>>> print(open('entry.txt').read())   # compact mmCIF, C-alpha atoms and all ligand atoms
# COMPACT_ATOMS: atom_id res chain seq x y z
CA MET A 1066 14.94 4.37 -35.60
CA ASN A 1067 18.09 3.51 -33.67
CA TYR A 1068 17.79 2.22 -30.11
CA GLU A 1069 18.96 5.46 -28.54
CA ASP A 1070 16.11 7.32 -30.24
CA TYR A 1071 13.71 4.52 -29.37
CA LEU A 1072 14.63 4.94 -25.70
CA LYS A 1073 13.92 8.66 -25.92
CA THR A 1074 10.25 7.82 -26.51
CA ALA A 1075 8.48 8.05 -23.13
CA PRO A 1076 7.76 4.55 -21.75
CA ASP A 1077 4.00 5.08 -21.97
CA ASP A 1078 4.29 6.09 -25.63
CA ARG A 1079 6.34 3.01 -26.45
CA VAL A 1080 3.25 0.88 -26.00
CA LYS A 1081 2.45 1.38 -29.71
CA TYR A 1082 5.63 -0.51 -30.61
CA TYR A 1083 4.36 -3.58 -28.80
CA GLN A 1084 1.21 -3.75 -30.95
CA ARG A 1085 0.55 -5.49 -34.29
CA ASP A 1086 -2.67 -4.84 -36.19
CA ASP A 1087 -4.18 -3.15 -33.12
CA ARG A 1088 -3.48 -6.16 -30.89
CA MET A 1089 -0.97 -6.73 -28.15
CA TYR A 1090 1.97 -8.65 -29.63
CA HIS A 1091 4.87 -8.16 -27.16
CA VAL A 1092 3.99 -8.21 -23.48
CA MET A 1093 6.45 -5.77 -21.93
CA ARG A 1094 4.90 -3.43 -19.41
CA THR A 1095 1.83 -3.15 -17.24
CA GLN A 1096 1.05 0.13 -19.04
CA GLN A 1097 -0.21 -1.99 -21.95
CA PHE A 1098 -3.23 -3.21 -20.02
CA ASP A 1099 -6.30 -1.05 -19.67
CA THR A 1100 -9.33 -2.16 -17.69
CA SER A 1101 -11.22 -3.52 -20.71
CA LEU A 1102 -8.27 -5.65 -21.85
CA LEU A 1103 -7.87 -6.88 -18.27
CA GLU A 1104 -11.51 -7.91 -18.10
CA GLU A 1105 -11.22 -9.70 -21.44
CA LEU A 1106 -8.16 -11.64 -20.22
CA PHE A 1107 -9.82 -12.46 -16.90
CA GLU A 1108 -12.83 -13.84 -18.77
CA ILE A 1109 -10.56 -16.03 -20.93
CA ALA A 1110 -8.72 -17.23 -17.80
CA ASN A 1111 -12.05 -18.07 -16.12
CA GLN A 1112 -13.03 -20.21 -19.09
CA ILE A 1113 -9.65 -21.97 -19.13
CA LYS A 1114 -9.93 -22.65 -15.42
CA LEU A 1115 -13.34 -24.29 -15.86
CA MET A 1116 -12.18 -26.33 -18.84
CA THR A 1117 -9.22 -27.78 -16.95
CA ARG A 1118 -11.69 -29.56 -14.67
CA LYS A 1119 -12.86 -31.91 -17.41
CA PRO A 1120 -10.76 -34.34 -19.48
CA ASN A 1121 -12.35 -33.25 -22.77
CA GLY A 1122 -11.80 -29.60 -21.77
CA ILE A 1123 -8.12 -30.33 -21.17
CA ASP A 1124 -7.84 -32.06 -24.55
CA PHE A 1125 -9.58 -29.21 -26.31
CA LEU A 1126 -7.31 -26.60 -24.70
CA LYS A 1127 -4.25 -28.59 -25.74
CA SER A 1128 -5.35 -28.48 -29.35
CA LEU A 1129 -5.41 -24.67 -29.47
CA LEU A 1130 -1.70 -23.85 -29.78
CA ARG A 1131 -0.40 -27.27 -30.80
CA HIS A 1132 1.25 -25.70 -33.82
CA LYS A 1133 3.30 -23.20 -31.73
CA LYS A 1134 6.59 -23.48 -29.84
CA ALA A 1135 7.90 -21.29 -27.03
CA MET A 1136 11.45 -20.67 -25.76
CA LEU A 1137 11.69 -20.00 -22.04
CA TYR A 1138 14.87 -17.95 -21.59
CA PHE A 1139 15.32 -17.50 -17.85
CA THR A 1140 18.81 -16.34 -17.00
CA GLN A 1141 17.81 -14.84 -13.63
CA PRO A 1142 16.83 -17.22 -10.81
CA SER A 1143 13.20 -18.30 -11.00
CA THR A 1144 11.24 -21.34 -9.93
CA ARG A 1145 7.63 -20.24 -9.81
CA THR A 1146 7.45 -17.97 -12.80
CA PHE A 1147 9.42 -20.40 -14.93
CA LEU A 1148 7.24 -23.36 -13.95
CA SER A 1149 4.10 -21.30 -14.29
CA PHE A 1150 4.97 -20.35 -17.87
CA LEU A 1151 5.92 -23.95 -18.58
CA GLY A 1152 2.62 -25.18 -17.14
CA ALA A 1153 0.69 -22.51 -19.04
CA CYS A 1154 2.34 -23.54 -22.33
CA GLN A 1155 1.43 -27.15 -21.60
CA LEU A 1156 -2.20 -26.20 -20.90
CA VAL A 1157 -2.61 -24.72 -24.36
CA GLY A 1158 -0.54 -27.39 -26.09
CA MET A 1159 2.64 -25.44 -26.89
CA ASP A 1160 5.96 -27.23 -27.09
CA THR A 1161 8.74 -25.58 -25.11
CA ALA A 1162 12.50 -25.49 -24.73
CA GLU A 1163 14.50 -23.65 -22.11
CA VAL A 1164 17.77 -21.85 -21.42
CA ARG A 1165 18.45 -21.24 -17.75
CA ASP A 1166 22.20 -21.04 -17.65
CA PRO A 1167 23.89 -19.18 -20.54
CA SER A 1168 27.25 -20.65 -19.54
CA LEU A 1169 25.98 -23.95 -20.95
CA SER A 1170 25.02 -22.39 -24.29
CA SER A 1171 27.27 -21.06 -27.02
CA GLU A 1172 27.31 -17.69 -25.26
CA TYR A 1173 30.12 -19.42 -23.41
CA LYS A 1174 32.03 -19.60 -26.69
CA GLY A 1175 31.79 -15.86 -27.02
CA GLU A 1176 28.51 -15.57 -28.90
CA SER A 1177 26.74 -12.32 -28.05
CA GLN A 1178 23.47 -12.54 -26.14
CA GLU A 1179 21.82 -10.79 -29.12
CA ASP A 1180 22.94 -13.54 -31.50
CA ALA A 1181 21.95 -16.26 -29.03
CA VAL A 1182 18.42 -14.89 -28.70
CA ARG A 1183 18.18 -14.36 -32.45
CA VAL A 1184 18.88 -18.05 -32.93
CA PHE A 1185 15.85 -18.89 -30.79
CA SER A 1186 13.63 -16.73 -32.91
CA SER A 1187 14.45 -18.98 -35.86
CA TYR A 1188 13.27 -22.07 -34.01
CA PHE A 1189 10.45 -20.73 -31.84
CA ASP A 1190 7.23 -18.74 -32.20
CA MET A 1191 7.43 -16.92 -28.85
CA ILE A 1192 10.18 -16.01 -26.39
CA VAL A 1193 9.44 -15.69 -22.69
CA MET A 1194 12.34 -13.92 -21.03
CA ARG A 1195 13.61 -13.14 -17.56
CA ASP A 1196 16.99 -11.47 -17.48
CA PRO A 1197 18.65 -9.50 -14.67
CA LYS A 1198 19.40 -6.54 -16.94
CA PRO A 1199 16.60 -3.95 -16.81
CA GLY A 1200 15.27 -3.37 -20.29
CA PHE A 1201 17.02 -6.33 -21.93
CA CYS A 1202 13.78 -8.03 -22.93
CA GLU A 1203 12.54 -4.83 -24.53
CA TYR A 1204 15.84 -4.33 -26.29
CA MET A 1205 15.70 -7.85 -27.77
CA ALA A 1206 12.13 -7.30 -28.94
CA TYR A 1207 13.24 -4.05 -30.63
CA TYR A 1208 16.29 -5.78 -32.11
CA LEU A 1209 14.35 -8.67 -33.62
CA ASP A 1210 11.48 -6.46 -34.79
CA ARG A 1211 14.01 -4.87 -37.14
CA SER A 1212 14.97 -8.28 -38.51
CA ALA A 1213 12.73 -10.44 -40.63
CA ARG A 1214 12.30 -12.90 -37.73
CA SER A 1215 10.28 -11.00 -35.19
CA VAL A 1216 8.39 -13.14 -32.65
CA PRO A 1217 6.31 -12.07 -29.63
CA PHE A 1218 8.35 -11.47 -26.46
CA ILE A 1219 6.84 -11.90 -23.02
CA ASN A 1220 8.61 -10.17 -20.17
CA GLY A 1221 8.92 -12.62 -17.28
CA GLY A 1222 10.54 -10.04 -14.97
CA SER A 1223 13.15 -7.46 -15.89
CA GLY A 1224 15.45 -6.19 -13.13
CA LYS A 1225 13.75 -4.08 -10.46
CA ASP A 1226 11.43 -2.55 -12.96
CA GLN A 1227 8.62 -4.62 -14.41
CA HIS A 1228 6.94 -7.98 -13.96
CA PRO A 1229 3.73 -7.60 -15.97
CA THR A 1230 2.48 -11.18 -15.83
CA GLN A 1231 2.89 -11.30 -12.03
CA ALA A 1232 0.77 -8.15 -11.88
CA LEU A 1233 -1.85 -9.86 -14.04
CA LEU A 1234 -2.12 -12.87 -11.78
CA ASP A 1235 -2.21 -10.66 -8.68
CA LEU A 1236 -5.00 -8.57 -10.10
CA TYR A 1237 -6.84 -11.64 -11.38
CA THR A 1238 -6.79 -13.00 -7.82
CA MET A 1239 -8.16 -9.71 -6.44
CA TYR A 1240 -10.80 -9.70 -9.20
CA ARG A 1241 -11.97 -13.22 -8.38
CA SER A 1242 -11.88 -12.63 -4.62
CA PHE A 1243 -13.96 -9.46 -4.83
CA GLN A 1244 -16.32 -10.47 -7.66
CA ASP A 1245 -19.33 -10.89 -5.34
CA ARG A 1246 -18.46 -7.77 -3.38
CA GLY A 1247 -18.58 -5.02 -5.97
CA GLY A 1248 -15.26 -5.82 -7.65
CA VAL A 1249 -11.76 -4.43 -7.34
CA SER A 1250 -12.90 -0.78 -7.33
CA GLY A 1251 -13.64 1.06 -4.11
CA LYS A 1252 -11.44 -1.16 -1.92
CA ARG A 1253 -8.49 -0.47 0.35
CA TYR A 1254 -5.20 -2.21 -0.37
CA ALA A 1255 -2.11 -2.37 1.85
CA PHE A 1256 1.27 -3.07 0.24
CA VAL A 1257 3.80 -4.18 2.80
CA GLY A 1258 7.58 -4.60 2.79
CA ASP A 1259 10.20 -3.67 0.22
CA LEU A 1260 8.11 -1.40 -1.98
CA LEU A 1261 11.09 0.32 -3.54
CA ARG A 1262 12.78 -2.64 -5.16
CA GLY A 1263 10.00 -5.19 -5.56
CA ARG A 1264 9.05 -5.25 -9.24
CA ALA A 1265 5.97 -7.38 -8.56
CA VAL A 1266 4.51 -4.81 -6.21
CA ARG A 1267 5.45 -1.93 -8.52
CA SER A 1268 3.69 -3.61 -11.40
CA VAL A 1269 0.47 -4.52 -9.61
CA ILE A 1270 0.19 -1.06 -8.03
CA PHE A 1271 0.19 0.42 -11.49
CA LEU A 1272 -2.53 -1.94 -12.77
CA LEU A 1273 -4.71 -1.35 -9.75
CA SER A 1274 -4.44 2.43 -10.02
CA GLN A 1275 -6.65 2.29 -13.12
CA PHE A 1276 -9.67 1.20 -11.10
CA ASP A 1277 -12.02 3.71 -9.46
CA ASP A 1278 -11.83 4.80 -5.84
CA VAL A 1279 -9.03 2.53 -4.71
CA GLU A 1280 -7.06 3.57 -1.65
CA MET A 1281 -3.51 2.36 -1.18
CA TYR A 1282 -1.64 2.04 2.09
CA PHE A 1283 2.13 1.75 1.74
CA VAL A 1284 3.59 0.08 4.80
CA ALA A 1285 7.37 0.00 4.55
CA PRO A 1286 10.60 0.99 6.26
CA ASP A 1287 11.50 4.56 5.26
CA ALA A 1288 14.44 3.33 3.19
CA PHE A 1289 12.17 1.09 1.09
CA GLN A 1290 9.08 3.23 0.58
CA VAL A 1291 7.57 3.46 -2.92
CA ALA A 1292 9.75 5.10 -5.57
CA PRO A 1293 9.01 8.79 -6.33
CA ASP A 1294 8.13 8.10 -9.99
CA LEU A 1295 5.43 5.62 -8.95
CA GLU A 1296 4.07 7.95 -6.30
CA GLN A 1297 3.86 10.73 -8.86
CA SER A 1298 1.99 8.58 -11.34
CA LEU A 1299 -0.46 7.57 -8.59
CA GLU A 1300 -1.05 11.20 -7.73
CA GLN A 1301 -1.86 11.85 -11.37
CA SER A 1302 -4.38 9.00 -11.34
CA ARG A 1303 -5.88 10.52 -8.16
CA VAL A 1304 -5.31 7.42 -6.08
CA LYS A 1305 -5.53 8.14 -2.37
CA ILE A 1306 -2.21 7.15 -0.75
CA ILE A 1307 -1.47 6.65 2.94
CA LYS A 1308 2.15 5.93 3.95
CA SER A 1309 2.79 4.14 7.21
CA GLY A 1310 5.50 2.37 9.16
CA ASN A 1311 3.03 0.46 11.30
CA LEU A 1312 1.33 -2.62 9.88
CA LYS A 1313 -0.83 -3.30 12.94
CA GLU A 1314 -2.42 0.13 12.68
CA VAL A 1315 -3.37 -0.43 9.06
CA LEU A 1316 -4.64 -4.03 9.21
CA PRO A 1317 -8.18 -3.29 10.53
CA ASP A 1318 -8.87 -0.83 7.69
CA VAL A 1319 -7.95 -2.76 4.58
CA ASP A 1320 -9.61 -5.29 2.27
CA CYS A 1321 -6.36 -6.70 0.89
CA VAL A 1322 -2.90 -7.08 2.40
CA TYR A 1323 -0.18 -7.64 -0.20
CA MET A 1324 2.96 -8.85 1.58
CA THR A 1325 6.45 -8.85 0.03
CA ARG A 1326 9.90 -10.08 1.00
CA ILE A 1327 12.94 -7.87 1.35
CA GLN A 1328 14.75 -7.74 -2.01
CA ASP A 1329 18.27 -7.93 -0.60
CA GLU A 1330 19.76 -9.21 -3.85
CA TYR A 1331 19.69 -5.55 -4.93
CA ASP A 1332 21.62 -4.31 -1.84
CA MET A 1333 24.61 -2.13 -2.62
CA SER A 1334 26.14 -2.25 0.86
CA GLY A 1335 24.06 -4.47 3.12
CA GLU A 1336 21.30 -1.88 3.67
CA SER A 1337 18.65 -4.59 4.22
CA GLY A 1338 20.57 -5.77 7.28
CA GLN A 1339 19.69 -2.49 9.04
CA ILE A 1340 15.96 -3.21 8.95
CA ASN A 1341 13.92 -5.00 11.57
CA TYR A 1342 11.57 -6.81 9.20
CA ASP A 1343 9.47 -8.13 12.07
CA GLN A 1344 7.39 -4.97 11.93
CA PHE A 1345 6.57 -5.75 8.32
CA SER A 1346 5.61 -9.36 8.95
CA LEU A 1347 2.28 -11.06 9.52
CA TYR A 1348 1.78 -13.38 12.51
CA PRO A 1349 -1.23 -15.54 13.47
CA ASP A 1350 -2.23 -13.03 16.18
CA ASP A 1351 -2.46 -10.23 13.64
CA LEU A 1352 -5.25 -12.06 11.82
CA LYS A 1353 -7.68 -11.12 14.59
CA MET A 1354 -7.30 -7.49 13.63
CA MET A 1355 -8.19 -8.02 10.00
CA LYS A 1356 -11.62 -7.72 8.40
CA PRO A 1357 -13.28 -11.13 8.17
CA ASP A 1358 -13.62 -10.97 4.38
CA SER A 1359 -10.24 -9.44 3.58
CA ILE A 1360 -7.55 -11.30 1.60
CA ILE A 1361 -3.81 -11.83 2.03
CA LEU A 1362 -1.61 -12.00 -1.08
CA HIS A 1363 2.12 -12.55 -1.64
CA PRO A 1364 3.94 -12.96 -4.98
CA LEU A 1365 6.19 -15.59 -3.31
CA PRO A 1366 8.83 -16.72 -2.50
CA ARG A 1367 8.33 -15.76 1.13
CA ARG A 1368 10.87 -15.75 3.87
CA SER A 1369 9.64 -15.02 7.38
CA GLU A 1370 7.27 -12.15 6.54
CA ILE A 1371 4.26 -14.47 6.69
CA HIS A 1372 4.26 -17.00 9.51
CA PRO A 1373 3.40 -20.48 8.09
CA GLU A 1374 0.47 -20.76 10.53
CA VAL A 1375 -1.20 -17.91 8.64
CA ASP A 1376 -1.53 -20.31 5.68
CA LEU A 1377 -4.35 -22.09 7.50
CA ASP A 1378 -6.53 -18.98 7.56
CA PRO A 1379 -9.15 -18.86 4.76
CA ARG A 1380 -8.07 -15.29 3.98
CA ALA A 1381 -4.61 -16.51 2.93
CA MET A 1382 -4.89 -16.46 -0.88
CA TYR A 1383 -1.26 -16.77 -1.94
CA TRP A 1384 -1.40 -20.44 -2.88
CA ARG A 1385 -4.51 -19.82 -4.93
CA GLN A 1386 -2.79 -16.77 -6.42
CA LEU A 1387 -0.03 -19.09 -7.64
CA ARG A 1388 -2.51 -21.37 -9.40
CA ASN A 1389 -4.26 -18.39 -10.95
CA GLY A 1390 -0.93 -17.58 -12.60
CA LEU A 1391 -1.25 -20.67 -14.78
CA TYR A 1392 -4.68 -19.70 -16.09
CA ILE A 1393 -3.90 -16.06 -16.74
CA ARG A 1394 -0.61 -16.86 -18.50
CA ALA A 1395 -2.38 -19.43 -20.66
CA ALA A 1396 -5.04 -16.79 -21.40
CA LEU A 1397 -2.34 -14.34 -22.42
CA MET A 1398 -0.87 -16.81 -24.88
CA LEU A 1399 -4.24 -17.50 -26.49
CA TYR A 1400 -4.77 -13.75 -26.73
CA VAL A 1401 -1.36 -12.97 -28.25
CA PHE A 1402 -1.79 -15.69 -30.89
CA ASN A 1403 -5.37 -14.53 -31.47
CA GLN A 1404 -6.89 -17.90 -30.67
CA SER A 1405 -9.05 -17.06 -27.66
CA HIS A 1406 -12.22 -16.81 -29.81
CA ARG A 1407 -11.87 -20.55 -30.43
CA LEU A 1408 -12.86 -21.24 -26.81
CA GLN A 1409 -16.45 -20.77 -28.06
CA GLU A 1410 -16.12 -23.98 -30.12
CA TYR A 1411 -15.94 -26.00 -26.91
C1 LIG B 1501 8.68 -12.07 -7.58
C2 LIG B 1501 9.81 -11.63 -8.51
O1 LIG B 1501 10.57 -12.45 -9.02
O2 LIG B 1501 9.89 -10.44 -8.70
N1 LIG B 1501 8.48 -13.46 -7.58
C3 LIG B 1501 7.83 -14.09 -8.60
O3 LIG B 1501 7.95 -13.77 -9.75
N2 LIG B 1501 6.99 -15.05 -8.22
C4 LIG B 1501 8.81 -11.56 -6.20
C5 LIG B 1501 10.08 -11.82 -5.44
O4 LIG B 1501 11.04 -12.41 -5.91
O5 LIG B 1501 10.09 -11.36 -4.29
>>> encode(input="entry.txt", output="structure tokens")
Amino acid sequence: MNYEDYLKTAPDDRVKYYQRDDRMYHVMRTQQFDTSLLEELFEIANQIKLMTRKPNGIDFLKSLLRHKKAMLYFTQPSTRTFLSFLGACQLVGMDTAEVRDPSLSSEYKGESQEDAVRVFSSYFDMIVMRDPKPGFCEYMAYYLDRSARSVPFINGGSGKDQHPTQALLDLYTMYRSFQDRGGVSGKRYAFVGDLLRGRAVRSVIFLLSQFDDVEMYFVAPDAFQVAPDLEQSLEQSRVKIIKSGNLKEVLPDVDCVYMTRIQDEYDMSGESGQINYDQFSLYPDDLKMMKPDSIILHPLPRRSEIHPEVDLDPRAMYWRQLRNGLYIRAALMLYVFNQSHRLQEY
């Protein structure tokens, strides 16, 4: 099948191309994760987390993927996600190499990006990729699947569209936070800020919509409300949606507040400059309005949308969320290489 025909397949139906022998092989889109796979991954991540507390646990984990090597190809700015993948590879013993600036590689000499990535597949067993071009990671996976040197691709964030591993760590944090309170289902979640262009928020909203009885509040400036395609898919999943422009009104009702920064790197003509982002920011005084057992998340990096004083509140979970990213990404690697069953040997 040529790529044009491949793209004609509806995104949800493309999931079958990311599978090998009934297992997830490429990690491309949040649509690949159903609730039972999520629970399996969360259980693996929980075990990894516990093992990292003991020296012999750390040594055992490091033995699991010692025979594998990963290329981290991050040609769009990233600190957290890059380091998180690097740390996750180190947890499970994988060697890594990185490309962050293609101008320092032979792409500078005129080599196509396709050829450059193909070279990595000869040296490495997995490619983790963040590229500014939407769909590039998927295209490379398709391209190499047709060659004899296919390796698993993990999407580390593609344009405005998808950021599946961020969604996993966000949901894992919700799952852990609500585990003694009936779980992720039946809760109210507020998503605040640039909901149109934030791929992290887009991705986690999709994952969360699979759970029962969740209500979602979308608190955003009109210009940056959730995209129509996402809203439509939520309506199909019968998620109750409430749109609002007023954060203070919503705070007392919700169990989770997911804050996001304005994504002005995607501005076409300075549209972010028109927005007073203060109304979509969280200040220490606002905490009084929130439920005592609610949680505050943020994919980070933040700007001024969460006042640093808020960090001191026990409901601020974003630093923990960051650490959870290590465990869930390590879990994903064990899963993709079909090694997670070996955790039982410990
Ligand atoms: C997010 C991203 O890159 O989409 N950050 C991240 O991966 N930790 C969110 C953002 O940049 O606002």
>>> residues_near_ligand(input="entry.txt", ligand="ligand LIG 1501 (chain B)", cutoff="10 Å", atoms="all atoms listed in the file", output="ChimeraX atom specification")
/A:1141-1147,1149,1195,1221-1232,1259,1262-1268,1324-1330,1363-1368,1387,1390
>>> closest_residue(input="entry.txt", among="A:Leu1352, A:Leu1260, A:Leu1316, A:Leu1362", to="Leu1236 of chain A", atoms="all atoms listed in the file")
A:Leu1362
>>> closest_residue(input="entry.txt", among="A:Ile1307, A:Ile1219, A:Val1249, A:Val1279", to="Val1291 of chain A", atoms="only C-alpha atoms")
A:Ile1307
>>> residues_around(input="entry.txt", residues="Tyr1188 of chain A", least_positions_apart="5", cutoff="10 Å", atoms="only C-alpha atoms", output="count of residues only")
6
>>> residues_around(input="entry.txt", residues="Val1193 of chain A", least_positions_apart="3", cutoff="12 Å", atoms="only C-alpha atoms", output="PyMOL selection string")
chain A and resi 1091-1093+1134-1140+1146-1151+1153-1154+1161-1165+1182+1185-1186+1189-1190+1196+1202-1203+1205-1206+1216-1223+1228-1230+1394+1397-1398
>>> atom_distance(input="entry.txt", atom1="atom CA of Tyr1411 of chain A", atom2="atom CA of Leu1233 of chain A")
25.0 Å
>>> atom_distance(input="entry.txt", atom1="atom CA of Met1382 of chain A", atom2="atom CA of Thr1100 of chain A")
22.5 Å
>>> closest_residue(input="entry.txt", among="A:Ile1393, A:Pro1293, A:Gly1258, A:Gln1097", to="Ile1371 of chain A", atoms="only C-alpha atoms")
A:Gly1258
>>> residues_around(input="entry.txt", residues="segment 1109-1123 of chain A", least_positions_apart="3", cutoff="7 Å", atoms="all atoms listed in the file", output="list in words")
Glu1105, Leu1106, Leu1126, Lys1127, Tyr1392, Ile1393, Ala1396 and Ser1405 of chain A
>>> closest_residue(input="entry.txt", among="A:Asp1278, A:Phe1283, A:Pro1373, A:Glu1336", to="Pro1349 of chain A", atoms="only C-alpha atoms")
A:Pro1373
>>> closest_residue(input="entry.txt", among="A:Gln1344, A:Trp1384, A:Asn1389, A:Met1354", to="Ser1369 of chain A", atoms="only C-alpha atoms")
A:Gln1344
>>> atom_distance(input="entry.txt", atom1="atom CA of Leu1299 of chain A", atom2="atom CA of Ser1274 of chain A")
6.7 Å
